[in-house]
file protein_31.cif (mmCIF, C-alpha atoms (C1' of nucleotides))
data_input
loop_
_atom_site.label_atom_id
_atom_site.label_comp_id
_atom_site.auth_asym_id
_atom_site.auth_seq_id
_atom_site.Cartn_x
_atom_site.Cartn_y
_atom_site.Cartn_z
CA MET M 8 13.51 3.75 -44.77
CA THR M 9 14.04 4.41 -41.09
CA ILE M 10 11.26 5.15 -38.74
CA PRO M 11 12.47 6.77 -35.54
CA THR M 12 11.69 4.77 -32.45
CA ARG M 13 12.39 5.50 -28.86
CA GLY M 14 15.00 3.23 -27.44
CA GLU M 15 18.01 2.05 -29.39
CA PRO M 16 18.73 3.98 -32.55
CA GLY M 17 18.37 1.90 -35.64
CA ALA M 18 15.76 -0.33 -34.10
CA MET M 19 13.33 -2.07 -36.40
CA PRO M 20 10.45 0.03 -37.59
CA THR M 21 7.76 -0.41 -35.01
CA THR M 22 4.71 1.50 -34.05
CA PRO M 23 5.99 4.07 -31.60
CA VAL M 24 4.79 3.25 -28.11
CA GLN M 25 2.20 5.73 -27.10
CA GLU M 26 1.44 6.51 -23.52
CA ARG M 27 -2.17 7.24 -22.93
CA SER M 28 -3.51 9.80 -20.57
CA THR M 29 -6.05 8.12 -18.38
CA ARG M 30 -7.93 9.42 -15.41
CA GLN M 31 -5.92 7.16 -13.09
CA ARG M 32 -2.59 8.33 -14.44
CA ARG M 33 -3.55 11.95 -14.22
CA ILE M 34 -4.57 11.44 -10.61
CA ILE M 35 -1.40 9.61 -9.66
CA ARG M 36 0.77 12.23 -11.30
CA SER M 37 -1.03 14.98 -9.47
CA VAL M 38 -0.61 13.17 -6.18
CA PHE M 39 3.15 13.44 -6.59
CA ASP M 40 2.97 17.00 -7.87
CA ASP M 41 1.06 17.98 -4.76
CA ALA M 42 3.06 15.89 -2.29
CA GLU M 43 5.48 17.80 -0.14
CA ARG M 44 7.22 14.67 1.05
CA PRO M 45 8.08 11.18 -0.22
CA LEU M 46 5.12 8.83 -0.35
CA SER M 47 4.63 5.13 0.13
CA ILE M 48 2.39 3.14 -2.19
CA GLU M 49 -0.29 3.14 0.46
CA GLU M 50 -0.09 6.89 0.77
CA VAL M 51 -0.34 7.29 -2.99
CA LEU M 52 -3.37 5.04 -3.09
CA ASP M 53 -4.99 6.89 -0.20
CA ALA M 54 -4.40 10.26 -1.82
CA ALA M 55 -5.50 9.01 -5.22
CA THR M 56 -8.76 7.56 -3.97
CA ARG M 57 -9.67 10.54 -1.86
CA GLY M 58 -12.83 12.01 -3.23
CA ARG M 59 -15.06 9.82 -5.38
CA HIS M 60 -12.19 8.63 -7.51
CA THR M 61 -11.28 5.03 -7.80
CA VAL M 62 -7.85 3.73 -8.63
CA SER M 63 -6.84 0.15 -8.07
CA LEU M 64 -3.83 -0.91 -6.06
CA SER M 65 -2.28 -2.70 -9.01
CA THR M 66 -2.60 0.39 -11.17
CA VAL M 67 -0.76 2.40 -8.54
CA TYR M 68 1.99 -0.20 -8.34
CA ARG M 69 2.20 -0.43 -12.12
CA PHE M 70 2.22 3.24 -12.93
CA VAL M 71 4.53 4.22 -10.09
CA ARG M 72 6.94 1.60 -11.30
CA ALA M 73 6.68 2.94 -14.83
CA LEU M 74 7.42 6.44 -13.56
CA VAL M 75 10.47 5.14 -11.72
CA GLU M 76 11.64 3.35 -14.83
CA ASP M 77 11.29 6.39 -17.04
CA GLY M 78 13.09 8.45 -14.44
CA SER M 79 10.26 10.69 -13.31
CA LEU M 80 10.30 9.25 -9.81
CA SER M 81 13.03 8.10 -7.45
CA VAL M 82 12.63 5.30 -4.97
CA PHE M 83 14.26 4.53 -1.67
CA GLU M 84 13.41 2.02 0.99
CA LEU M 85 13.27 2.43 4.72
CA PRO M 86 13.67 -0.40 7.22
CA GLY M 87 10.30 -1.76 8.19
CA LEU M 88 8.45 0.87 6.20
CA GLY M 89 8.94 -0.32 2.65
CA ALA M 90 9.49 1.82 -0.42
CA PHE M 91 8.95 5.55 -0.75
CA TYR M 92 8.70 7.54 -3.95
CA GLU M 93 9.42 11.17 -4.75
CA LEU M 94 9.82 13.30 -7.86
CA SER M 95 13.28 13.00 -9.37
CA GLY M 96 15.62 15.82 -10.21
CA LYS M 97 16.13 17.22 -6.76
CA ALA M 98 19.56 17.88 -5.35
CA HIS M 99 21.13 15.02 -3.47
CA HIS M 100 19.49 14.84 -0.09
CA HIS M 101 18.62 12.49 2.71
CA HIS M 102 15.52 11.59 4.65
CA PHE M 103 13.99 11.88 8.04
CA SER M 104 11.62 9.23 9.22
CA CYS M 105 9.20 9.97 12.05
CA LEU M 106 9.04 7.12 14.52
CA HIS M 107 5.62 8.24 15.61
CA CYS M 108 3.57 8.94 12.52
CA LYS M 109 5.75 6.94 10.12
CA ARG M 110 5.84 9.77 7.64
CA VAL M 111 9.04 10.52 5.81
CA TYR M 112 10.46 13.97 5.10
CA GLU M 113 13.22 15.32 2.96
CA LEU M 114 16.32 16.77 4.55
CA ASN M 115 17.92 19.49 2.50
CA ASP M 116 21.40 19.05 3.79
CA CYS M 117 23.76 16.49 2.39
CA ILE M 118 26.35 15.45 4.84
CA SER M 119 29.65 14.90 3.19
CA VAL M 120 30.32 11.24 3.35
CA ASP M 121 33.58 11.55 1.47
CA LYS M 122 35.21 11.91 4.82
CA LEU M 123 34.12 8.49 5.93
CA ALA M 124 37.10 6.19 6.07
CA LEU M 125 36.52 3.30 3.71
CA PRO M 126 38.76 0.22 3.72
CA THR M 127 41.30 0.29 0.92
CA ASP M 128 40.01 -1.39 -2.21
CA PHE M 129 36.45 -0.57 -1.38
CA GLN M 130 34.90 1.69 -3.97
CA ALA M 131 32.05 3.88 -2.82
CA VAL M 132 29.37 4.46 -5.42
CA SER M 133 26.58 5.98 -3.39
CA HIS M 134 25.52 6.54 0.14
CA ASP M 135 22.25 6.70 1.89
CA LEU M 136 21.51 8.34 5.18
CA THR M 137 18.30 8.30 7.14
CA VAL M 138 17.71 10.07 10.39
CA ALA M 139 14.90 8.75 12.54
CA GLY M 140 13.17 10.68 15.27
CA VAL M 141 10.07 12.70 15.95
CA CYS M 142 8.78 15.14 13.37
CA ALA M 143 7.55 18.65 14.03
CA ALA M 144 3.89 17.69 13.85
CA CYS M 145 4.29 14.87 16.36
CA ASN M 146 6.63 16.86 18.55
CA VAL M 147 4.12 19.57 19.41
CA GLY M 148 3.61 20.11 23.10
CA GLY M 149 5.68 17.31 24.49
CA THR M 150 6.77 13.77 24.02
CA SER M 151 3.53 11.84 24.04
CA ARG M 152 1.15 14.14 22.26
CA ALA M 153 -0.37 12.31 19.35
CA GLN M 154 -0.96 14.21 16.17
CA ARG M 155 -2.49 13.00 12.96
CA ALA M 156 -2.67 9.27 12.84
CA PRO M 157 -0.10 7.45 10.70
CA MET I 27 6.35 -16.07 48.97
CA THR I 28 8.08 -14.60 46.00
CA ILE I 29 9.68 -16.67 43.36
CA PRO I 30 12.11 -14.73 41.22
CA THR I 31 11.13 -14.62 37.60
CA ARG I 32 12.83 -13.01 34.71
CA GLY I 33 10.92 -10.08 33.39
CA GLU I 34 8.88 -7.74 35.55
CA PRO I 35 9.70 -7.90 39.25
CA GLY I 36 6.81 -9.08 41.37
CA ALA I 37 5.36 -11.19 38.58
CA MET I 38 3.25 -14.19 39.51
CA PRO I 39 5.17 -17.31 40.46
CA THR I 40 5.73 -19.18 37.24
CA THR I 41 8.07 -21.87 36.18
CA PRO I 42 11.17 -20.01 35.04
CA VAL I 43 11.55 -20.24 31.31
CA GLN I 44 14.49 -22.40 30.50
CA GLU I 45 16.32 -22.15 27.24
CA ARG I 46 17.53 -25.46 25.95
CA SER I 47 20.76 -26.06 24.18
CA THR I 48 19.98 -27.89 20.99
CA ARG I 49 22.21 -28.81 18.10
CA GLN I 50 20.49 -26.23 15.90
CA ARG I 51 20.95 -23.43 18.38
CA ARG I 52 24.56 -24.27 18.97
CA ILE I 53 25.16 -24.18 15.23
CA ILE I 54 23.39 -20.89 14.71
CA ARG I 55 25.24 -19.27 17.58
CA SER I 56 28.55 -20.45 16.18
CA VAL I 57 27.68 -19.09 12.77
CA PHE I 58 27.48 -15.61 14.26
CA ASP I 59 30.56 -16.13 16.41
CA ASP I 60 32.52 -17.04 13.29
CA ALA I 61 31.02 -14.43 10.99
CA GLU I 62 33.20 -11.47 10.22
CA ARG I 63 30.36 -9.49 8.72
CA PRO I 64 26.60 -9.06 9.14
CA LEU I 65 24.57 -11.95 7.78
CA SER I 66 21.20 -12.29 6.14
CA ILE I 67 18.86 -15.12 7.08
CA GLU I 68 19.82 -16.92 3.90
CA GLU I 69 23.49 -16.61 4.75
CA VAL I 70 22.87 -17.94 8.24
CA LEU I 71 20.96 -20.87 6.82
CA ASP I 72 23.67 -21.59 4.27
CA ALA I 73 26.41 -21.47 6.86
CA ALA I 74 24.38 -23.52 9.32
CA THR I 75 23.62 -26.27 6.87
CA ARG I 76 27.13 -26.53 5.53
CA GLY I 77 28.47 -29.96 6.31
CA ARG I 78 26.01 -32.71 7.11
CA HIS I 79 24.01 -30.56 9.46
CA THR I 80 20.40 -29.82 8.97
CA VAL I 81 18.59 -26.78 10.28
CA SER I 82 15.25 -25.68 9.01
CA LEU I 83 14.49 -22.23 7.71
CA SER I 84 11.84 -21.64 10.34
CA THR I 85 14.25 -22.53 13.10
CA VAL I 86 16.71 -19.99 11.79
CA TYR I 87 14.03 -17.33 11.64
CA ARG I 88 12.77 -18.25 15.08
CA PHE I 89 16.06 -18.44 16.88
CA VAL I 90 17.57 -15.40 15.22
CA ARG I 91 14.51 -13.47 16.26
CA ALA I 92 14.86 -14.74 19.81
CA LEU I 93 18.49 -13.62 19.84
CA VAL I 94 17.47 -10.19 18.64
CA GLU I 95 14.80 -9.99 21.30
CA ASP I 96 17.14 -10.95 24.10
CA GLY I 97 19.67 -8.44 22.82
CA SER I 98 22.40 -10.80 21.62
CA LEU I 99 21.96 -9.76 18.02
CA SER I 100 21.24 -6.46 16.30
CA VAL I 101 19.26 -6.14 13.11
CA PHE I 102 19.25 -3.62 10.33
CA GLU I 103 17.66 -3.67 6.93
CA LEU I 104 19.04 -2.71 3.57
CA PRO I 105 16.98 -1.63 0.59
CA GLY I 106 16.21 -4.59 -1.59
CA LEU I 107 18.38 -6.90 0.45
CA GLY I 108 16.25 -7.49 3.50
CA ALA I 109 17.42 -7.83 7.08
CA PHE I 110 20.97 -8.41 8.28
CA TYR I 111 22.03 -9.58 11.72
CA GLU I 112 25.24 -9.09 13.68
CA LEU I 113 26.39 -9.60 17.25
CA SER I 114 25.40 -6.74 19.51
CA GLY I 115 27.65 -4.72 21.71
CA LYS I 116 29.86 -3.21 19.08
CA ALA I 117 30.59 0.49 18.91
CA HIS I 118 28.23 2.53 16.80
CA HIS I 119 29.11 1.94 13.20
CA HIS I 120 27.68 1.90 9.70
CA HIS I 121 27.61 -0.52 6.83
CA PHE I 122 28.95 -0.99 3.37
CA SER I 123 26.93 -2.93 0.89
CA CYS I 124 28.60 -4.45 -2.17
CA LEU I 125 26.55 -3.92 -5.29
CA HIS I 126 28.20 -6.89 -6.91
CA CYS I 127 28.23 -9.73 -4.41
CA LYS I 128 25.49 -8.32 -2.18
CA ARG I 129 27.54 -8.94 0.92
CA VAL I 130 27.48 -6.38 3.68
CA TYR I 131 30.47 -5.21 5.69
CA GLU I 132 30.94 -3.17 8.80
CA LEU I 133 32.48 0.26 8.59
CA ASN I 134 34.39 1.24 11.66
CA ASP I 135 34.00 4.93 11.30
CA CYS I 136 30.98 6.77 12.50
CA ILE I 137 30.40 9.95 10.65
CA SER I 138 29.13 12.64 12.90
CA VAL I 139 25.62 13.31 11.90
CA ASP I 140 25.13 15.90 14.62
CA LYS I 141 26.19 18.42 12.07
CA LEU I 142 23.33 17.62 9.77
CA ALA I 143 20.91 20.51 9.76
CA LEU I 144 17.56 19.27 10.96
CA PRO I 145 14.43 21.41 10.67
CA THR I 146 13.51 23.06 13.95
CA ASP I 147 11.15 20.93 16.01
CA PHE I 148 12.46 17.75 14.50
CA GLN I 149 14.06 15.55 17.14
CA ALA I 150 16.71 13.15 15.95
CA VAL I 151 16.77 9.85 17.79
CA SER I 152 19.04 7.76 15.62
CA HIS I 153 20.63 7.76 12.25
CA ASP I 154 21.58 5.10 9.81
CA LEU I 155 24.10 5.35 7.03
CA THR I 156 24.87 2.84 4.36
CA VAL I 157 27.51 3.23 1.70
CA ALA I 158 27.05 1.15 -1.40
CA GLY I 159 29.79 0.28 -3.85
CA VAL I 160 32.18 -2.47 -4.76
CA CYS I 161 33.95 -4.43 -2.05
CA ALA I 162 37.62 -5.40 -2.03
CA ALA I 163 36.95 -8.96 -3.14
CA CYS I 164 34.87 -7.88 -6.12
CA ASN I 165 37.16 -4.97 -6.94
CA VAL I 166 40.19 -7.14 -7.70
CA GLY I 167 41.68 -6.59 -11.11
CA GLY I 168 39.19 -4.18 -12.59
CA THR I 169 35.59 -3.31 -12.86
CA SER I 170 34.01 -6.40 -14.32
CA ARG I 171 35.95 -9.19 -12.73
CA ALA I 172 33.51 -11.47 -11.00
CA GLN I 173 34.51 -12.94 -7.67
CA ARG I 174 32.57 -15.34 -5.55
CA ALA I 175 28.99 -15.51 -6.57
CA PRO I 176 26.47 -13.65 -4.43
"C1'" DG E 11 -11.28 -0.24 -34.77
"C1'" DT E 12 -6.82 -0.87 -32.48
"C1'" DT E 13 -4.15 -1.29 -28.80
"C1'" DA E 14 -2.76 0.43 -24.25
"C1'" DG E 15 -4.50 0.61 -19.57
"C1'" DT E 16 -7.42 -1.10 -15.78
"C1'" DG E 17 -9.27 -4.15 -12.29
"C1'" DC E 18 -9.64 -8.43 -10.36
"C1'" DA E 19 -7.95 -12.58 -8.81
"C1'" DA E 20 -4.29 -15.72 -8.83
"C1'" DA E 21 0.71 -16.21 -8.35
"C1'" DC E 22 4.94 -15.11 -5.86
"C1'" DT E 23 8.44 -13.99 -2.28
"C1'" DG E 24 9.83 -13.44 2.18
"C1'" DT E 25 8.44 -14.23 6.85
"C1'" DT E 26 5.50 -16.04 10.58
"C1'" DT E 27 2.69 -19.57 12.89
"C1'" DG E 28 -0.12 -23.99 14.30
"C1'" DC E 29 0.62 -28.35 15.41
"C1'" DA E 30 2.30 -33.07 15.85
"C1'" DA E 31 6.57 -35.36 16.62
"C1'" DG E 32 11.25 -35.09 18.62
"C1'" DT E 33 14.48 -34.24 22.32
"C1'" DA E 34 16.96 -31.78 26.32
"C1'" DT E 35 16.58 -31.68 30.96
"C1'" DA N 14 8.10 -37.61 32.35
"C1'" DT N 15 7.67 -32.84 31.10
"C1'" DA N 16 7.57 -29.13 28.28
"C1'" DC N 17 10.65 -26.68 25.17
"C1'" DT N 18 12.15 -27.16 20.14
"C1'" DT N 19 11.90 -28.52 15.64
"C1'" DG N 20 10.16 -29.25 10.97
"C1'" DC N 21 6.62 -29.18 7.90
"C1'" DA N 22 2.95 -27.07 5.83
"C1'" DA N 23 -0.40 -23.66 5.95
"C1'" DA N 24 -1.09 -18.78 6.73
"C1'" DC N 25 0.24 -14.05 5.82
"C1'" DA N 26 1.60 -9.35 3.94
"C1'" DG N 27 3.43 -6.95 0.26
"C1'" DT N 28 4.13 -6.94 -4.62
"C1'" DT N 29 3.70 -8.70 -9.32
"C1'" DT N 30 1.25 -10.79 -13.17
"C1'" DG N 31 -2.31 -13.05 -16.56
"C1'" DC N 32 -6.30 -12.08 -18.67
"C1'" DA N 33 -10.76 -10.38 -20.10
"C1'" DC N 34 -12.85 -5.90 -20.30
"C1'" DT N 35 -12.67 -0.85 -20.86
"C1'" DA N 36 -11.37 3.23 -22.86
"C1'" DA N 37 -7.84 6.40 -25.33
"C1'" DC N 38 -6.64 7.55 -29.68
#
call {"tool": "encode", "arguments": {"input": "protein_31.cif", "output": "structure tokens"}}
result
Amino acid sequence: MTIPTRGEPGAMPTTPVQERSTRQRRIIRSVFDDAERPLSIEEVLDAATRGRHTVSLSTVYRFVRALVEDGSLSVFELPGLGAFYELSGKAHHHHFSCLHCKRVYELNDCISVDKLALPTDFQAVSHDLTVAGVCAACNVGGTSRAQRAP
Amino acid sequence: MTIPTRGEPGAMPTTPVQERSTRQRRIIRSVFDDAERPLSIEEVLDAATRGRHTVSLSTVYRFVRALVEDGSLSVFELPGLGAFYELSGKAHHHHFSCLHCKRVYELNDCISVDKLALPTDFQAVSHDLTVAGVCAACNVGGTSRAQRAP
DNA sequence: GTTAGTGCAAACTGTTTGCAAGTAT
DNA sequence: ATACTTGCAAACAGTTTGCACTAAC
């Protein structure tokens, strides 16, 4: 007899792994569903624990990692700012990082990097572009006008 | 009386800071002079301690940081690979990161990012582009031919 | 009732720092 | 002789993990 398992076909009959729906997981998922920009772990934790909810830091780390591993989320890292997470499945895009509030935004345009001259024998697999600057919120009314705190 | 100091003009008379030439510093400087690509702290340490020399990790961190602060070196960070350092003063360029050996190379071309559509009210200050792939050394003779270890 | 998920604290990794001993000037 | 540098070990920040307890199913 063959019991279907997720993972490799023909694997030994095992109890199928079941993913449970807990309060914490529902919250974390909804944080990403509601987010309109990539989030750092800190931002996820902040959003998740807004209200009277309580979610531990390790749970955020663990579940976000699980979501990355199952493909629901994509990660990228920014210099000095650590990792950011966003829902997968979007068109290829790049990011804008605000030097003032440290928030990160999506850029819809993908520059064509194919044009970049690569040394012979170098094989490009992917490219990553980040523009840094001042975001709309922080840019209001001049150069030194502080908006929402980071 | 006014004793010239480095730093802000008109500063209080202080003993001018003198930078000493030690064996360790000479070695670290020469590592960068000889390097033909950006180096991580580990790579600097490895190169510096090749031969019978001895340089401690903290000295590498400390002196490399000093060189960055005085402008001799530039830093940039790559996702998952940490910080890389290279001599300053080169034309604007980007980097290529080998997925196999983890080494980083300079790319001479600078893509024009001016063309990238930025949302109104976003001010671009700088941009950073990294291409990832397989470098010439690791690309020799096919896809899975291992070259020098990372 | 089982077993996956959570929270806490301890472990880890990469980097920085305090301080006593070493060394360039 | 002076005070900048070094090396070691302890301190740190960010992330991961072991384990007993809690809660889905």
call {"tool": "residues_near_point", "arguments": {"input": "protein_31.cif", "point": "(6.7, -2.7, -0.4)", "cutoff": "9 Å", "atoms": "all atoms listed in the file", "output": "list in words"}}
result
Ser47, Ile48, Glu84, Leu88, Gly89, Ala90 and Phe91 of chain M; DG27 and DT28 of chain N
call {"tool": "interface_residues", "arguments": {"input": "protein_31.cif", "of": "chain M", "to": "chain E", "cutoff": "7 Å", "atoms": "only C-alpha atoms (C1' of nucleotides)", "output": "ChimeraX atom specification"}}
result
/M:27,63,66
call {"tool": "interface_residues", "arguments": {"input": "protein_31.cif", "of": "chain I", "to": "chain M", "cutoff": "8 Å", "atoms": "all atoms listed in the file", "output": "PyMOL selection string"}}
result
chain I and resi 102-106+133-137+139+141-162+165-166
call {"tool": "interface_residues", "arguments": {"input": "protein_31.cif", "of": "chain I", "to": "chain N", "cutoff": "12 Å", "atoms": "all atoms listed in the file", "output": "list of chain:residue names"}}
result
I:Thr41, I:Pro42, I:Val43, I:Gln44, I:Glu45, I:Arg46, I:Ser47, I:Thr48, I:Arg49, I:Gln50, I:Arg51, I:Thr80, I:Val81, I:Ser82, I:Leu83, I:Ser84, I:Thr85, I:Val86, I:Arg88, I:Phe89
call {"tool": "atom_distance", "arguments": {"input": "protein_31.cif", "atom1": "CA of Ser114 (chain I)", "atom2": "CA of Arg129 (chain I)"}}
result
18.8 Å
call {"tool": "resolve_selection", "arguments": {"input": "protein_31.cif", "expression": "the PyMOL selection byres ((chain I and resi 57) around 10)", "output": "list in words"}}
result
Arg51, Arg52, Ile53, Ile54, Arg55, Ser56, Phe58, Asp59, Asp60, Ala61, Glu62, Leu65, Glu69, Val70, Leu71, Asp72, Ala73 and Ala74 of chain I
call {"tool": "write_last_selection", "arguments": {"input": "protein_31.cif", "atoms": "C-alpha atoms", "output": "mmCIF file, keeping the file's coordinate frame"}}
result
data_model
loop_
_atom_site.group_PDB
_atom_site.id
_atom_site.type_symbol
_atom_site.label_atom_id
_atom_site.label_comp_id
_atom_site.auth_asym_id
_atom_site.auth_seq_id
_atom_site.Cartn_x
_atom_site.Cartn_y
_atom_site.Cartn_z
ATOM 1 C CA ARG I 51 20.950 -23.430 18.380
ATOM 2 C CA ARG I 52 24.560 -24.270 18.970
ATOM 3 C CA ILE I 53 25.160 -24.180 15.230
ATOM 4 C CA ILE I 54 23.390 -20.890 14.710
ATOM 5 C CA ARG I 55 25.240 -19.270 17.580
ATOM 6 C CA SER I 56 28.550 -20.450 16.180
ATOM 7 C CA PHE I 58 27.480 -15.610 14.260
ATOM 8 C CA ASP I 59 30.560 -16.130 16.410
ATOM 9 C CA ASP I 60 32.520 -17.040 13.290
ATOM 10 C CA ALA I 61 31.020 -14.430 10.990
ATOM 11 C CA GLU I 62 33.200 -11.470 10.220
ATOM 12 C CA LEU I 65 24.570 -11.950 7.780
ATOM 13 C CA GLU I 69 23.490 -16.610 4.750
ATOM 14 C CA VAL I 70 22.870 -17.940 8.240
ATOM 15 C CA LEU I 71 20.960 -20.870 6.820
ATOM 16 C CA ASP I 72 23.670 -21.590 4.270
ATOM 17 C CA ALA I 73 26.410 -21.470 6.860
ATOM 18 C CA ALA I 74 24.380 -23.520 9.320
#
